[in-house]
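As structure tokens, the structure follows; a few thoughts come after it.
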Amino acid sequence: MGAAVVVAEIRIELKPGVADPEGQNTKKALELLGFKDIKAVRTIKVFEIELDASPEVARRECEEMCRKLLANPVIQKFKVTVK
């Protein structure tokens, strides 16, 4: 019998201190629309990946996916959550 299907959520965001021009532009646009109480806007990318693997293997594979393709380790950090 094969492994159960698990869902992994990968959250990728910029490391502290890295400029986020998309977040800054979104904040400005929201302020122009009248939303004045916004302190900051940060962009975050989320991937949801289904894998036919054990939770441990799924986590390992997703971390490898991040290192090889999904995240830029110089400016981004990632977090993998297996559900």
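Identifiers in this document derive from the order of the structure tokens: chains are assigned A, B, ..., residues are numbered from 1 separately in each chain, and ligands are numbered from 1 in order of occurrence.
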Q: List the neighbours of Ala53 of chain A out to 7 Å using only C-alpha atoms; skip same-chain residues closer than 5 positions along the sequence, and give me the result as a VMD selection string.
A: chain A and resid 3 to 6 58
Those selected residues, please, written with C-alpha atoms and delivered as a PDB file, in the first residue's frame.
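Output saved as again.pdb:
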```pdb
ATOM      1  CA  ALA A   3       1.837   6.450   1.301  1.00  0.00           C
ATOM      2  CA  ALA A   4      -1.126   8.685   1.977  1.00  0.00           C
ATOM      3  CA  VAL A   5      -1.425  11.975   0.137  1.00  0.00           C
ATOM      4  CA  VAL A   6      -0.244  14.864   2.291  1.00  0.00           C
ATOM      5  CA  ALA A  58       7.162  15.456   1.977  1.00  0.00           C
TER       6      ALA A  58
END
```
Q | Distance query segment 64-75 of chain A at most 12 Å, only C-alpha atoms, self and fewer than 4 positions along chain excluded, as a PyMOL selection string | A | chain A and resi 8-20+44-49+57-60+79-80
Q) Which of these residues is nearest to Glu63 of chain A, using only C-alpha atoms: A:Phe78, A:Lys39, A:Glu50, A:Gln24? A)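 Comparing A:Phe78, A:Lys39, A:Glu50, A:Gln24 against Glu63 of chain A, the winner is A:Phe78.
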Q.
Would you compute the distance between atom CA of Ala40 of chain A and atom CA of Lys27 of chain A? Give it in Å to one decimal.
A.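 Separation between atom CA of Ala40 of chain A and atom CA of Lys27 of chain A: 6.7 Å.
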Q: Check the smallest atom-to-atom distance from each of A:Lys77, A:Arg42, A:Lys36, A:Lys83 to Gly23 of chain A using only C-alpha atoms, then report the winner.
A: A:Arg42
